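Novice: Sharing final34.txt here; it has compact mmCIF, C-alpha atoms.
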# COMPACT_ATOMS: atom_id res chain seq x y z
CA MET A 1 115.21 193.13 135.91
CA GLU A 2 113.26 194.75 138.69
CA THR A 3 114.95 197.08 141.14
CA SER A 4 114.99 195.65 144.66
CA THR A 5 114.40 198.16 147.41
CA ILE A 6 115.24 197.97 151.09
CA ARG A 7 114.46 200.68 153.57
CA PHE A 8 116.99 200.90 156.38
CA TRP A 9 115.56 202.46 159.55
CA PHE A 10 118.12 203.70 162.04
CA GLU A 11 118.46 205.90 165.13
CA PHE A 12 121.80 207.37 166.18
CA ALA A 13 121.34 206.43 169.83
CA SER A 14 120.80 202.77 168.91
CA THR A 15 123.75 200.52 169.65
CA TYR A 16 123.08 197.71 167.17
CA SER A 17 122.38 200.25 164.42
CA TYR A 18 126.12 200.99 164.43
CA PRO A 19 127.31 197.61 163.06
CA ALA A 20 124.19 197.40 160.87
CA ALA A 21 124.98 200.69 159.12
CA ALA A 22 128.65 199.79 158.79
CA ARG A 23 127.93 196.34 157.39
CA LEU A 24 125.33 197.64 154.96
CA GLN A 25 127.91 200.08 153.61
CA SER A 26 130.77 197.64 153.33
CA MET A 27 128.85 194.82 151.68
CA ALA A 28 129.29 194.35 147.98
CA LEU A 29 125.70 194.12 146.74
CA LYS A 30 124.79 192.97 143.26
CA GLY A 31 122.11 193.89 140.76
CA PRO A 32 119.79 196.86 140.49
CA TYR A 33 118.86 197.83 144.01
CA THR A 34 117.99 200.86 146.10
CA ILE A 35 118.68 201.30 149.78
CA THR A 36 116.61 204.03 151.37
CA TRP A 37 118.38 205.31 154.47
CA THR A 38 115.69 206.50 156.87
CA PRO A 39 116.65 208.15 160.15
CA PHE A 40 113.91 208.12 162.78
CA LEU A 41 113.59 208.65 166.54
CA LEU A 42 113.16 205.80 169.00
CA GLY A 43 111.90 208.08 171.79
CA PRO A 44 108.26 208.20 170.64
CA ILE A 45 108.39 204.50 169.67
CA PHE A 46 109.64 203.48 173.11
CA ALA A 47 107.17 205.83 174.82
CA ALA A 48 104.36 203.95 173.04
CA GLN A 49 105.68 200.79 174.74
CA GLY A 50 105.61 202.55 178.10
CA TRP A 51 109.37 203.21 178.28
CA GLN A 52 110.91 206.59 179.11
CA ASP A 53 114.47 205.29 178.74
CA SER A 54 116.34 202.72 176.66
CA PRO A 55 115.25 199.15 177.48
CA PHE A 56 118.96 198.45 177.96
CA ASN A 57 118.88 200.82 180.94
CA LEU A 58 115.46 199.69 182.16
CA PHE A 59 116.31 195.98 182.09
CA GLU A 60 119.69 195.60 183.74
CA ALA A 61 120.62 192.05 182.74
CA LYS A 62 119.67 192.75 179.13
CA GLY A 63 121.75 195.92 179.12
CA ARG A 64 124.79 194.20 180.60
CA TYR A 65 124.50 191.50 177.96
CA MET A 66 124.05 193.99 175.11
CA TRP A 67 127.31 195.81 175.81
CA ARG A 68 129.30 192.60 175.78
CA ASP A 69 127.44 191.32 172.72
CA LEU A 70 128.05 194.58 170.85
CA GLU A 71 131.74 194.44 171.74
CA ARG A 72 131.96 190.90 170.32
CA ILE A 73 130.06 191.87 167.16
CA CYS A 74 132.29 194.89 166.54
CA ALA A 75 135.41 192.75 167.03
CA HIS A 76 134.04 190.15 164.62
CA SER A 77 133.15 192.83 162.04
CA GLN A 78 136.48 194.63 162.61
CA LEU A 79 134.77 197.82 163.76
CA PRO A 80 136.32 200.04 166.43
CA PHE A 81 134.34 200.08 169.67
CA ARG A 82 134.53 201.89 172.97
CA ARG A 83 131.63 201.81 175.39
CA PRO A 84 130.31 205.38 175.60
CA SER A 85 130.45 207.06 178.99
CA GLN A 86 126.83 208.19 178.52
CA PHE A 87 123.95 206.12 177.14
CA PRO A 88 121.75 206.78 175.34
CA ARG A 89 123.05 209.94 173.73
CA ASN A 90 120.52 212.26 172.14
CA GLY A 91 120.39 211.53 168.40
CA LEU A 92 118.00 214.35 167.52
CA LYS A 93 120.40 216.87 165.98
CA ALA A 94 122.27 214.26 163.99
CA ALA A 95 118.96 212.76 162.83
CA ARG A 96 117.86 216.16 161.54
CA VAL A 97 121.12 216.54 159.61
CA ALA A 98 120.66 213.03 158.16
CA THR A 99 117.09 213.96 157.22
CA ALA A 100 118.34 217.11 155.49
CA GLY A 101 120.77 214.87 153.64
CA LEU A 102 118.30 212.19 152.57
CA ALA A 103 118.90 212.71 148.86
CA GLN A 104 122.60 213.51 149.24
CA PRO A 105 125.51 211.26 148.33
CA TRP A 106 127.25 212.07 151.63
CA LEU A 107 124.49 210.55 153.78
CA PRO A 108 125.98 207.05 154.36
CA GLU A 109 129.38 208.51 155.23
CA PHE A 110 127.84 210.98 157.62
CA VAL A 111 125.87 208.18 159.27
CA ALA A 112 129.00 206.07 159.66
CA ALA A 113 130.93 209.00 161.17
CA VAL A 114 128.19 209.76 163.72
CA TYR A 115 128.07 206.11 164.84
CA ARG A 116 131.85 206.04 165.15
CA ALA A 117 131.78 209.25 167.20
CA ASN A 118 129.16 207.76 169.53
CA PHE A 119 130.34 204.16 169.87
CA ALA A 120 134.07 204.27 169.17
CA GLU A 121 135.21 207.78 170.13
CA ASP A 122 132.90 208.50 173.08
CA ARG A 123 131.95 211.93 171.74
CA ASP A 124 128.64 213.55 172.62
CA ILE A 125 126.71 213.43 169.35
CA GLY A 126 123.85 215.23 171.12
CA ARG A 127 125.84 218.47 170.93
CA ALA A 128 125.52 220.70 167.87
CA GLU A 129 129.29 221.41 167.89
CA VAL A 130 130.14 217.70 167.63
CA VAL A 131 127.72 217.21 164.72
CA GLY A 132 129.27 220.29 163.08
CA GLU A 133 132.78 218.87 163.51
CA ILE A 134 131.69 215.60 161.93
CA LEU A 135 130.35 217.48 158.89
CA SER A 136 133.52 219.58 158.61
CA ASP A 137 135.73 216.51 158.90
CA LEU A 138 133.88 215.11 155.87
CA ASP A 139 134.68 218.36 153.99
CA LEU A 140 131.02 219.28 153.91
CA ASP A 141 129.44 222.72 154.36
CA ALA A 142 128.69 222.38 158.06
CA ALA A 143 127.01 225.78 158.42
CA GLY A 144 124.76 225.40 155.39
CA ILE A 145 123.75 221.83 156.18
CA THR A 146 123.07 222.63 159.83
CA GLU A 147 120.85 225.50 158.79
CA SER A 148 118.87 223.28 156.45
CA ALA A 149 118.67 220.62 159.20
CA GLU A 150 116.91 223.04 161.54
CA THR A 151 114.22 224.25 159.12
CA PRO A 152 110.57 223.43 159.91
CA ALA A 153 110.43 221.30 156.74
CA THR A 154 113.28 219.05 157.89
CA LYS A 155 111.96 218.76 161.44
CA ASP A 156 108.56 217.88 160.06
CA LEU A 157 109.95 215.23 157.71
CA LEU A 158 111.80 213.53 160.58
CA ARG A 159 108.61 213.61 162.64
CA ARG A 160 106.64 212.05 159.79
CA ASN A 161 109.25 209.36 159.22
CA THR A 162 109.07 208.48 162.92
CA GLU A 163 105.28 208.27 162.71
CA GLN A 164 105.59 206.10 159.63
CA ALA A 165 107.98 203.80 161.49
CA GLY A 166 105.34 203.29 164.15
CA GLN A 167 102.63 202.69 161.56
CA HIS A 168 104.91 200.16 159.90
CA GLY A 169 105.06 198.15 163.13
CA ILE A 170 108.63 199.18 163.93
CA PHE A 171 109.43 198.88 167.66
CA GLY A 172 113.23 199.09 167.68
CA ALA A 173 116.32 199.86 165.66
CA PRO A 174 117.88 198.96 163.37
CA SER A 175 114.98 197.77 161.25
CA PHE A 176 114.78 196.91 157.58
CA SER A 177 111.63 196.91 155.50
CA VAL A 178 111.01 195.38 152.12
CA GLY A 179 107.50 196.41 151.09
CA GLU A 180 105.29 195.44 154.04
CA GLU A 181 107.82 192.91 155.32
CA LEU A 182 109.73 193.90 158.44
CA PHE A 183 113.10 192.76 159.77
CA TRP A 184 114.49 193.86 163.12
CA GLY A 185 118.10 193.86 164.26
CA ASN A 186 121.61 193.92 162.87
CA ASP A 187 121.43 190.12 162.72
CA ARG A 188 118.50 190.27 160.27
CA LEU A 189 120.32 192.29 157.58
CA GLU A 190 121.14 189.18 155.57
CA ALA A 191 117.55 187.90 155.79
CA ALA A 192 116.23 191.26 154.60
CA LEU A 193 118.61 191.29 151.64
CA ARG A 194 117.60 187.72 150.78
CA PHE A 195 113.93 188.61 150.99
CA ALA A 196 114.49 191.60 148.71
CA GLY A 197 116.30 189.39 146.22
CA ILE A 198 119.52 191.36 146.60
CA GLN A 199 122.58 189.20 146.23
CA THR A 200 125.86 189.79 147.97
CA GLU A 201 129.24 189.17 146.36
CA PRO A 202 131.16 186.53 148.29
CA SER A 203 133.63 188.47 150.45
CA MET B 1 142.77 168.52 172.54
CA GLU B 2 140.52 170.14 175.08
CA THR B 3 136.83 169.35 175.19
CA SER B 4 134.72 172.40 174.31
CA THR B 5 131.56 172.80 176.32
CA ILE B 6 128.41 174.77 175.57
CA ARG B 7 125.46 174.97 177.86
CA PHE B 8 122.17 175.33 176.01
CA TRP B 9 119.46 176.99 178.14
CA PHE B 10 115.92 176.51 176.89
CA GLU B 11 112.30 176.88 177.99
CA PHE B 12 109.48 174.99 176.27
CA ALA B 13 107.22 178.05 176.08
CA SER B 14 109.92 180.03 174.24
CA THR B 15 109.30 180.47 170.53
CA TYR B 16 112.86 181.02 169.33
CA SER B 17 114.07 178.08 171.42
CA TYR B 18 112.28 175.82 168.92
CA PRO B 19 114.53 176.54 165.91
CA ALA B 20 117.56 176.81 168.21
CA ALA B 21 117.05 173.31 169.61
CA ALA B 22 116.35 171.89 166.15
CA ARG B 23 119.39 173.54 164.59
CA LEU B 24 121.67 172.49 167.43
CA GLN B 25 120.58 168.90 166.88
CA SER B 26 120.89 168.88 163.12
CA MET B 27 124.29 170.54 162.90
CA ALA B 28 127.27 168.35 162.24
CA LEU B 29 129.72 169.46 164.92
CA LYS B 30 133.37 168.49 164.92
CA GLY B 31 135.93 167.70 167.58
CA PRO B 32 135.61 166.77 171.23
CA TYR B 33 132.69 168.77 172.57
CA THR B 34 129.92 168.56 175.13
CA ILE B 35 126.54 170.21 174.89
CA THR B 36 124.76 170.47 178.20
CA TRP B 37 121.03 170.73 177.62
CA THR B 38 119.58 172.76 180.49
CA PRO B 39 115.83 173.28 180.76
CA PHE B 40 114.80 176.22 182.92
CA LEU B 41 111.72 178.36 183.53
CA LEU B 42 111.33 181.86 182.14
CA GLY B 43 108.50 182.75 184.54
CA PRO B 44 110.73 183.74 187.49
CA ILE B 45 113.24 185.38 185.10
CA PHE B 46 110.53 187.54 183.51
CA ALA B 47 108.99 188.31 186.92
CA ALA B 48 112.37 189.74 187.97
CA GLN B 49 112.05 192.14 185.00
CA GLY B 50 108.57 193.12 186.15
CA TRP B 51 106.68 191.02 183.61
CA GLN B 52 103.82 188.66 184.48
CA ASP B 53 103.36 187.53 180.87
CA SER B 54 105.53 186.96 177.80
CA PRO B 55 107.03 190.23 176.46
CA PHE B 56 105.56 189.17 173.11
CA ASN B 57 102.11 189.55 174.65
CA LEU B 58 102.98 192.65 176.67
CA PHE B 59 104.50 194.53 173.72
CA GLU B 60 102.09 194.16 170.83
CA ALA B 61 104.24 195.33 167.90
CA LYS B 62 107.10 193.13 169.07
CA GLY B 63 104.79 190.14 169.36
CA ARG B 64 103.30 190.64 165.90
CA TYR B 65 106.79 190.86 164.47
CA MET B 66 108.02 187.78 166.33
CA TRP B 67 105.34 185.47 164.88
CA ARG B 68 106.17 186.52 161.33
CA ASP B 69 109.90 186.34 162.00
CA LEU B 70 109.56 182.85 163.51
CA GLU B 71 107.53 181.71 160.52
CA ARG B 72 110.26 182.94 158.16
CA ILE B 73 113.02 181.32 160.24
CA CYS B 74 111.21 177.97 160.32
CA ALA B 75 110.66 178.12 156.55
CA HIS B 76 114.33 178.92 156.03
CA SER B 77 115.42 176.09 158.36
CA GLN B 78 112.84 173.71 156.85
CA LEU B 79 111.05 173.24 160.14
CA PRO B 80 107.29 172.74 160.31
CA PHE B 81 105.48 175.65 161.92
CA ARG B 82 101.92 176.45 162.90
CA ARG B 83 101.15 179.39 165.15
CA PRO B 84 99.76 177.93 168.38
CA SER B 85 96.23 178.90 169.32
CA GLN B 86 97.44 179.62 172.87
CA PHE B 87 100.63 181.45 173.86
CA PRO B 88 102.56 181.00 176.00
CA ARG B 89 101.81 177.42 176.90
CA ASN B 90 102.92 176.20 180.29
CA GLY B 91 106.26 174.43 179.93
CA LEU B 92 106.51 173.28 183.54
CA LYS B 93 105.59 169.60 183.18
CA ALA B 94 107.72 169.11 180.09
CA ALA B 95 110.62 170.94 181.77
CA ARG B 96 110.41 168.55 184.73
CA VAL B 97 110.51 165.56 182.37
CA ALA B 98 113.52 167.08 180.59
CA THR B 99 115.17 167.64 183.97
CA ALA B 100 114.54 164.01 184.90
CA GLY B 101 116.16 163.09 181.60
CA LEU B 102 119.23 165.31 181.88
CA ALA B 103 121.68 162.42 181.71
CA GLN B 104 119.59 160.36 179.29
CA PRO B 105 120.27 159.80 175.60
CA TRP B 106 116.62 160.48 174.75
CA LEU B 107 116.71 164.10 176.01
CA PRO B 108 117.36 165.93 172.69
CA GLU B 109 114.68 163.89 170.91
CA PHE B 110 112.18 164.58 173.66
CA VAL B 111 112.99 168.29 173.51
CA ALA B 112 112.50 168.33 169.73
CA ALA B 113 109.18 166.51 170.04
CA VAL B 114 107.84 168.92 172.67
CA TYR B 115 108.76 171.94 170.54
CA ARG B 116 107.11 170.36 167.51
CA ALA B 117 103.97 169.64 169.53
CA ASN B 118 103.85 173.27 170.72
CA PHE B 119 104.87 175.15 167.58
CA ALA B 120 103.94 172.87 164.69
CA GLU B 121 101.07 170.71 165.96
CA ASP B 122 99.27 173.18 168.24
CA ARG B 123 99.05 170.66 171.08
CA ASP B 124 98.82 171.79 174.69
CA ILE B 125 102.19 170.78 176.11
CA GLY B 126 101.03 172.11 179.49
CA ARG B 127 98.84 169.01 179.90
CA ALA B 128 100.30 165.90 181.51
CA GLU B 129 98.51 163.67 178.96
CA VAL B 130 100.18 165.41 176.03
CA VAL B 131 103.63 165.09 177.62
CA GLY B 132 102.85 161.42 178.28
CA GLU B 133 101.85 160.88 174.63
CA ILE B 134 105.10 162.48 173.49
CA LEU B 135 107.10 160.08 175.67
CA SER B 136 105.09 157.08 174.47
CA ASP B 137 105.51 158.09 170.83
CA LEU B 138 109.28 158.01 171.42
CA ASP B 139 108.89 154.44 172.78
CA LEU B 140 109.90 155.59 176.23
CA ASP B 141 108.51 154.46 179.58
CA ALA B 142 106.02 157.32 179.98
CA ALA B 143 104.75 156.21 183.39
CA GLY B 144 108.18 155.67 184.91
CA ILE B 145 109.66 158.89 183.53
CA THR B 146 106.66 160.97 184.58
CA GLU B 147 106.94 159.58 188.09
CA SER B 148 110.60 160.49 188.30
CA ALA B 149 109.79 163.94 186.82
CA GLU B 150 107.45 164.70 189.70
CA THR B 151 109.79 163.76 192.56
CA PRO B 152 110.96 166.51 194.93
CA ALA B 153 114.54 165.97 193.74
CA THR B 154 113.65 166.71 190.10
CA LYS B 155 111.49 169.69 190.98
CA ASP B 156 114.29 171.03 193.11
CA LEU B 157 116.89 170.58 190.39
CA LEU B 158 114.75 172.51 187.90
CA ARG B 159 114.29 175.26 190.47
CA ARG B 160 118.04 175.43 191.05
CA ASN B 161 118.81 175.52 187.32
CA THR B 162 116.38 178.42 186.95
CA GLU B 163 118.08 180.24 189.82
CA GLN B 164 121.44 179.56 188.23
CA ALA B 165 120.19 181.00 184.94
CA GLY B 166 119.33 184.22 186.73
CA GLN B 167 122.69 184.32 188.49
CA HIS B 168 124.35 183.77 185.12
CA GLY B 169 122.70 186.95 183.80
CA ILE B 170 120.22 185.08 181.61
CA PHE B 171 117.13 187.18 180.82
CA GLY B 172 115.55 185.22 177.95
CA ALA B 173 115.61 181.99 175.97
CA PRO B 174 117.25 180.41 174.18
CA SER B 175 120.60 181.26 175.72
CA PHE B 176 123.98 179.62 175.32
CA SER B 177 126.83 179.87 177.79
CA VAL B 178 130.47 179.06 177.33
CA GLY B 179 132.12 179.47 180.72
CA GLU B 180 131.08 182.94 181.89
CA GLU B 181 130.34 184.10 178.34
CA LEU B 182 126.68 184.47 177.46
CA PHE B 183 124.89 184.38 174.11
CA TRP B 184 121.18 185.07 173.71
CA GLY B 185 118.91 184.05 170.87
CA ASN B 186 118.64 181.47 168.13
CA ASP B 187 120.66 183.84 165.94
CA ARG B 188 123.63 183.65 168.33
CA LEU B 189 124.09 179.86 168.12
CA GLU B 190 126.87 180.17 165.55
CA ALA B 191 128.68 182.83 167.59
CA ALA B 192 128.49 180.64 170.70
CA LEU B 193 129.92 177.65 168.82
CA ARG B 194 132.70 179.85 167.41
CA PHE B 195 133.49 181.19 170.86
CA ALA B 196 133.66 177.65 172.23
CA GLY B 197 135.98 176.63 169.43
CA ILE B 198 133.52 174.06 168.10
CA GLN B 199 133.68 173.71 164.36
CA THR B 200 130.76 172.84 162.14
CA GLU B 201 131.04 170.62 159.08
CA PRO B 202 130.06 172.53 155.97
CA SER B 203 126.50 171.48 155.18
Do you think you could lay out the structure here as structure tokens?

Specialist:
Amino acid sequence: METSTIRFWFEFASTYSYPAAARLQSMALKGPYTITWTPFLLGPIFAAQGWQDSPFNLFEAKGRYMWRDLERICAHSQLPFRRPSQFPRNGLKAARVATAGLAQPWLPEFVAAVYRANFAEDRDIGRAEVVGEILSDLDLDAAGITESAETPATKDLLRRNTEQAGQHGIFGAPSFSVGEELFWGNDRLEAALRFAGIQTEPS
Amino acid sequence: METSTIRFWFEFASTYSYPAAARLQSMALKGPYTITWTPFLLGPIFAAQGWQDSPFNLFEAKGRYMWRDLERICAHSQLPFRRPSQFPRNGLKAARVATAGLAQPWLPEFVAAVYRANFAEDRDIGRAEVVGEILSDLDLDAAGITESAETPATKDLLRRNTEQAGQHGIFGAPSFSVGEELFWGNDRLEAALRFAGIQTEPS
């Protein structure tokens, strides 16, 4: 039986990436499969589309809708939600930590905790201290991980993953890729799993 | 038992409105409910966001993704699909006919036929002759309906519905509204029905 692989592309500033990451973690998936968690930065991707800010700030009606839609989705998925007092928050430091943790078992939990901090606890994930607290609260070596997150090798890997996202045709987050096939949005998680041949246990 | 009401906002040039309209028609809905089919024009809505063309043309990566995504959705929903040789096609004439038919039992069938012509048969729905053929093929009085579609009253009603869409916070199509609550996208149809308290028969 072949191993099915999905690549999950996320950015910590991205609102819909929050329920996507949470749902991906809580789903009971069946069969041999790999999920490659890939943090990347939307800034350069949006800049390529001519945007210097989130489209949810640039396009007012769309932004107003998104916040209400996200609130409904979180309620439906039983995820805590509080609209952050600042948007978007800078996901760079957290993305570097996630990049340093690419091969680590703590990665999904760290990702979930950063999204909760941003979209349920209104904490400024752009600040190094907040990212450090999140690591400590997970009983991880905050100092050591932070150091490894700020090495040139980690910074470079995050940069390359962001470039790869653009080359892959990614224009927003969350995205899922299965080989060359691309899926965009929290609402496409199920379609991506289906395409990859990954079955979900009935919940 | 209260009657649940959903307003379905669609534009004939809109790609994702095609599967939305088809799915809304094929679903077996339960209980006392009303679906108000409301054609409107995206042109003025997009212009308010600073766009003189479809965002799928303005933002290349997004457009490339959309065509593949639409193809997958149509396959999954067993709807015929052929990428039109021209996009977007002008939905004005068809929208006026739909507006003239707002209270008519033939409206959903006409809507389905126009979407099929645009997105499965690559016919130019912007041309009066094509809209006339669609009406004739449905055994409707093409001449009489077209005449009523081009009266000042019909044109004005379509204009007012488009204005109302903007006032409602609508920024794209398809949209669904339940009272003040707004849902955007083919993938939000189920959430809109749930919000309205309309149950679907298991298929």

Novice: Show me a table, sorted first by chain and then by increasing residue number, of the residues of chain A having an atom at most 9 Å from chain B, each with its shortest atom pair and the distance in Å to one decimal, counting only C-alpha atoms and written as a tab-separated table.

Specialist:
residue	atom	partner	partner_atom	distance
A:Gln49	CA	B:Phe59	CA	6.5
A:Leu58	CA	B:Gln49	CA	8.8
A:Phe59	CA	B:Gln49	CA	6.4
A:Glu60	CA	B:Gln49	CA	8.5
A:Ala61	CA	B:Gly169	CA	5.6
A:Lys62	CA	B:Phe171	CA	6.4
A:Arg64	CA	B:Gly169	CA	8.2
A:Tyr65	CA	B:Leu182	CA	7.4
A:Arg68	CA	B:Leu182	CA	8.7
A:Asp69	CA	B:Phe183	CA	7.5
A:Gly166	CA	B:Ala61	CA	8.9
A:Gly169	CA	B:Ala61	CA	5.6
A:Ile170	CA	B:Ala61	CA	7.1
A:Phe171	CA	B:Ala61	CA	6.3
A:Gly172	CA	B:Lys62	CA	8.7
A:Glu181	CA	B:Arg68	CA	8.9
A:Leu182	CA	B:Tyr65	CA	7.4
A:Phe183	CA	B:Asp69	CA	7.5
A:Trp184	CA	B:Tyr65	CA	8.4
A:Asp187	CA	B:Asp187	CA	7.1
A:Arg188	CA	B:Asp187	CA	8.8

Novice: In Å, how far is it from atom CA of Leu92 of chain B to atom CA of Ser136 of chain B?

Specialist: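 We find that atom CA of Leu92 of chain B and atom CA of Ser136 of chain B lie 18.6 Å from each other.
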
Novice: Quick one: of B:Ile198, B:Val114, B:Ala103, B:Ala192, who's nearest to Arg127 of chain B, counting only C-alpha atoms?

Specialist: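 For Arg127 of chain B, the nearest of the candidates is B:Val114.
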
Novice: Up to 12 Å from (132.5, 165.7, 173.1) in the file's coordinates: name the residues, counting only C-alpha atoms, as an NGL selection string.

Specialist: :B and (1-6 or 29-36 or 198-199)

Novice: Store the residues of this selection in a file with C-alpha atoms, as an mmCIF file, in the frame of the given file.

Specialist:
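Here's the written file again.cif:
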data_model
loop_
_atom_site.group_PDB
_atom_site.id
_atom_site.type_symbol
_atom_site.label_atom_id
_atom_site.label_comp_id
_atom_site.auth_asym_id
_atom_site.auth_seq_id
_atom_site.Cartn_x
_atom_site.Cartn_y
_atom_site.Cartn_z
ATOM 1 C CA MET B 1 142.770 168.520 172.540
ATOM 2 C CA GLU B 2 140.520 170.140 175.080
ATOM 3 C CA THR B 3 136.830 169.350 175.190
ATOM 4 C CA SER B 4 134.720 172.400 174.310
ATOM 5 C CA THR B 5 131.560 172.800 176.320
ATOM 6 C CA ILE B 6 128.410 174.770 175.570
ATOM 7 C CA LEU B 29 129.720 169.460 164.920
ATOM 8 C CA LYS B 30 133.370 168.490 164.920
ATOM 9 C CA GLY B 31 135.930 167.700 167.580
ATOM 10 C CA PRO B 32 135.610 166.770 171.230
ATOM 11 C CA TYR B 33 132.690 168.770 172.570
ATOM 12 C CA THR B 34 129.920 168.560 175.130
ATOM 13 C CA ILE B 35 126.540 170.210 174.890
ATOM 14 C CA THR B 36 124.760 170.470 178.200
ATOM 15 C CA ILE B 198 133.520 174.060 168.100
ATOM 16 C CA GLN B 199 133.680 173.710 164.360
#

Novice: Figure out the distance between atom CA of Ala94 of chain A and atom CA of Val131 of chain A, please, to one decimal in Å.

Specialist: 6.2 Å
